[in-house]
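Q: Here's a structure for you.
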Amino acid sequence: MFERYTEKARRAIFFARYEASQFGSPFIETEHLLLGVLREYKRLVSTLPVGAVVLVRKQIAALAPPRPAIATSVDLPISKASGRVLALAAEEAEGLGHRYIGCQHILLGLLREEDSISAKILRHFGATAEQVRKKFWQTSEHESSAPSRVLPPSYRGRHSRSTNLIKLRGAIWNADYVREAVRRCCEVKFHWTRTTWKPSDAVVERKTGKISLNFSLAEDSAEFELVKDGWKKDLCAICRWELFEAEDDHGTGFTNGRDWLCTECYEKFWDRPDFIAGSFGNMT
Ligand SMILES: [Zn+2]
């Protein structure tokens, strides 16, 4: 199940298992995943106050008192809550168009499993999923930790040498990530047009509030509801810039009817085979 995980994410889970055994827990709980992520995700630790990791350990010990250690040879299973965290991590990766699952995605999963010990501790440090997404996604690190084998061979061969950075809407992105996103957009021969963003009707699941554009769901009116203008925003397929009904640059983008690009990404990357081929220089 861990094929899509980066090396660091796999090590984080390995350490989580070790932590669980040291805490004498029969399952790998969310707090052990948190310790694993803290161990592997140095960038995260660097943003926390000095001594935070020691404090996290203390808080865990207070919330889930340690029992006699279990031999590390015992293959401890993942708890239900941790399973949900990993599913949420996969969902985060999906939502961001990442083919791999890294420590950042697991961290987001930990934050979103709101009743867990890990989320309580992270909230204590003032962390929110929204913040983490913003802070860590716009850096170069997230793609550089991706295992190369999740990328198609053509991509790997041509671009592995590049560590260039690209500035998009004030944020710094890894050029390899951007190139891959542009390549994905160019793959399908869609016709792109400049359009004012307008909300569209959507189907909303009554119980969860989750939105879908699969209108056939609306036939099940007990579970789903067709909401006029229920689709309220899209994200640029490259830089995640939000497109919604607005007078400014959020209100206009380019679309193929399915995906959206912000004006900056379209103008920078469209019709730039040199960029896709990797011969394009550093754009920061
Ligand atoms: Zn963009």
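Labels used: A, B, ... for chains in the order of the structure tokens, numbers from 1 for residues in each chain, and numbers from 1 for ligands as shown.
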When the cut-off is 9 Å and you count only C-alpha atoms and all ligand atoms, which residues lie near ligand 1, shown as number ranges by chain?
A: A: 168-169, 235-242, 253, 260-266
Q: Restricting it to C-alpha atoms, dump the selection as a short mmCIF file (atom, residue, chain, number, x, y, z; two decimals), in the first residue's frame.
A:
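The resulting file, part32.cif, is reproduced below:
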```cif
data_model
loop_
_atom_site.label_atom_id
_atom_site.label_comp_id
_atom_site.auth_asym_id
_atom_site.auth_seq_id
_atom_site.Cartn_x
_atom_site.Cartn_y
_atom_site.Cartn_z
CA LEU A 168 4.43 32.26 -9.55
CA ARG A 169 2.18 34.83 -7.97
CA LEU A 235 -7.92 26.28 -8.70
CA CYS A 236 -5.24 26.98 -11.28
CA ALA A 237 -4.01 23.54 -12.35
CA ILE A 238 -0.44 24.73 -11.96
CA CYS A 239 -0.09 27.23 -9.12
CA ARG A 240 -3.37 26.59 -7.23
CA TRP A 241 -4.36 30.26 -7.58
CA GLU A 242 -8.03 30.52 -6.64
CA GLY A 253 -8.63 32.61 -16.22
CA TRP A 260 -8.50 26.07 -15.24
CA LEU A 261 -5.28 28.02 -15.48
CA CYS A 262 -4.70 31.45 -14.01
CA THR A 263 -3.72 34.16 -16.46
CA GLU A 264 -0.13 34.25 -15.19
CA CYS A 265 0.47 30.53 -15.69
CA TYR A 266 -1.22 30.57 -19.08
#
```
Q: Would you return as a ChimeraX atom specification the members of range 31-125 of chain A that DSSP assigns to alpha helix (DSSP H) on this structure's backbone?
A: /A:31-40,42-47,52-63,80-95,103-112,117-124
Q: Pick out the closest residue to Asn256 in chain A from this set: A:Ala64, A:Ala222, A:Val188, A:Ala69. Count only C-alpha atoms.
A: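 Ranked by minimum distance to Asn256 in chain A, first place goes to A:Val188.
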Q: Could you please determine the separation between CA of Glu225 in chain A and CA of Asp115 in chain A in Å, to one decimal place?
A: 28.7 Å
Q: Could you list, as a ChimeraX atom specification, every residue within 12 Å of Lys58 in chain A, counting only C-alpha atoms and ignoring same-chain residues fewer than 6 positions away?
A: /A:23,31,35,51-52,64-66,121
Q: Just how far from CA of Glu267 in chain A is CA of Arg194 in chain A, in Å to one decimal?
A: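 Those two atoms sit 10.8 Å apart.
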Q: A:Glu3, A:Glu40, A:Asp259, A:Asp220: which is nearest Cys185 in chain A, counting only C-alpha atoms?
A: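 Counting only C-alpha atoms, the residue closest to Cys185 in chain A is A:Asp259.
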Q: Could you give me, as a list in words, the residues within 8 Å of Leu76 in chain A, counting only C-alpha atoms and dropping anything in the same chain fewer than 2 positions from it?
A: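 Once the nearby chain positions are removed, what remains is Arg17, Ala20, Ser21, Pro26, Phe27, Ile28, Val74 and Ile78 of chain A.
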Q: I need the residues from that last selection saved to file as a PDB file, in the first residue's frame (with C-alpha atoms), if you can.
A:
```pdb
ATOM      1  CA  ARG A  17       5.842   1.773  14.341  1.00  0.00           C
ATOM      2  CA  ALA A  20       4.258   2.668  19.110  1.00  0.00           C
ATOM      3  CA  SER A  21       6.323  -0.271  20.378  1.00  0.00           C
ATOM      4  CA  PRO A  26      -0.810  -2.413  20.404  1.00  0.00           C
ATOM      5  CA  PHE A  27      -1.546  -0.152  17.405  1.00  0.00           C
ATOM      6  CA  ILE A  28       0.278   2.579  15.508  1.00  0.00           C
ATOM      7  CA  VAL A  74       6.174  -7.451  16.627  1.00  0.00           C
ATOM      8  CA  ILE A  78      -2.145   0.721  12.033  1.00  0.00           C
TER       9      ILE A  78
END
```
Q: Could you make a table, as a tab-separated table, of the residues of range 17-85 of chain A that have an atom within 10 Å of an atom of range 125-135 of chain A, each with its nearest atom pair and distance in Å to one decimal, counting only C-alpha atoms, in chain and number order?
A:
```
residue	atom	partner	partner_atom	distance
A:Leu44	CA	A:Val132	CA	9.3
A:Leu48	CA	A:Phe125	CA	7.9
A:Pro49	CA	A:Phe125	CA	8.9
A:Ala52	CA	A:Phe125	CA	8.7
A:Val56	CA	A:Phe125	CA	9.5
```
Q: Export N, CA and C atoms of the chosen residues as an mmCIF file, in the first residue's frame?
A:
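Listing of selection_2.cif after writing:
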```cif
data_model
loop_
_atom_site.group_PDB
_atom_site.id
_atom_site.type_symbol
_atom_site.label_atom_id
_atom_site.label_comp_id
_atom_site.auth_asym_id
_atom_site.auth_seq_id
_atom_site.Cartn_x
_atom_site.Cartn_y
_atom_site.Cartn_z
ATOM 1 N N LEU A 44 9.511 20.989 8.830
ATOM 2 C CA LEU A 44 8.408 21.275 9.747
ATOM 3 C C LEU A 44 8.968 21.627 11.120
ATOM 4 N N LEU A 48 8.915 25.092 14.215
ATOM 5 C CA LEU A 48 8.345 25.003 15.565
ATOM 6 C C LEU A 48 9.289 25.657 16.569
ATOM 7 N N PRO A 49 8.749 26.090 17.718
ATOM 8 C CA PRO A 49 9.619 26.674 18.735
ATOM 9 C C PRO A 49 10.643 25.647 19.220
ATOM 10 N N ALA A 52 10.096 22.007 20.971
ATOM 11 C CA ALA A 52 8.714 21.605 20.685
ATOM 12 C C ALA A 52 8.557 20.088 20.625
ATOM 13 N N VAL A 56 6.032 17.775 22.589
ATOM 14 C CA VAL A 56 5.071 16.877 21.936
ATOM 15 C C VAL A 56 5.106 15.518 22.629
#
```
Q: Using the chain letters and numbers from this document, which residues of range 118-267 of chain A does DSSP assign to strand (DSSP E), as a ChimeraX atom specification?
A: /A:165-168,171-174,193-196,200-205,211-212,224-231,234-235,242-243,252-255,260-262
Q: What is the distance between CA of Ala246 in chain A and CA of Lys233 in chain A, in Å to one decimal?
A: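 If I compute the distance from CA of Ala246 in chain A to CA of Lys233 in chain A, I get 10.5 Å.
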Q: When you look at Gly209 in chain A with a cut-off of 12 Å (counting only C-alpha atoms), what residues show up, excluding the ones that are within fewer than 4 positions of it in the same chain? I need them as a list in words.
A: Ala202, Val203, Val204, Glu205, Glu223, Phe224, Glu225, Leu226, Val227, Gly230 and Trp231 of chain A
Q: Determine, counting only C-alpha atoms, which protein, DNA and RNA residues have an atom within 8 Å of an atom of Arg84 in chain A; residues of the same chain fewer than 4 positions away are not included. Present the result as a VMD selection string.
A: chain A and resid 80 88 109 113
Q: Skip Ala16 in chain A itself and residues of its chain fewer than 4 positions away, then list as a ChimeraX atom specification all residues within 6 Å of it, counting only C-alpha atoms.
A: /A:32-33,36
Q: Using only C-alpha atoms, which of A:Leu122, A:Leu243, A:Leu108, A:Ala81 sits nearest Trp197 in chain A?
A: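 Once distances to Trp197 in chain A are computed over only C-alpha atoms, the minimum belongs to A:Leu243.
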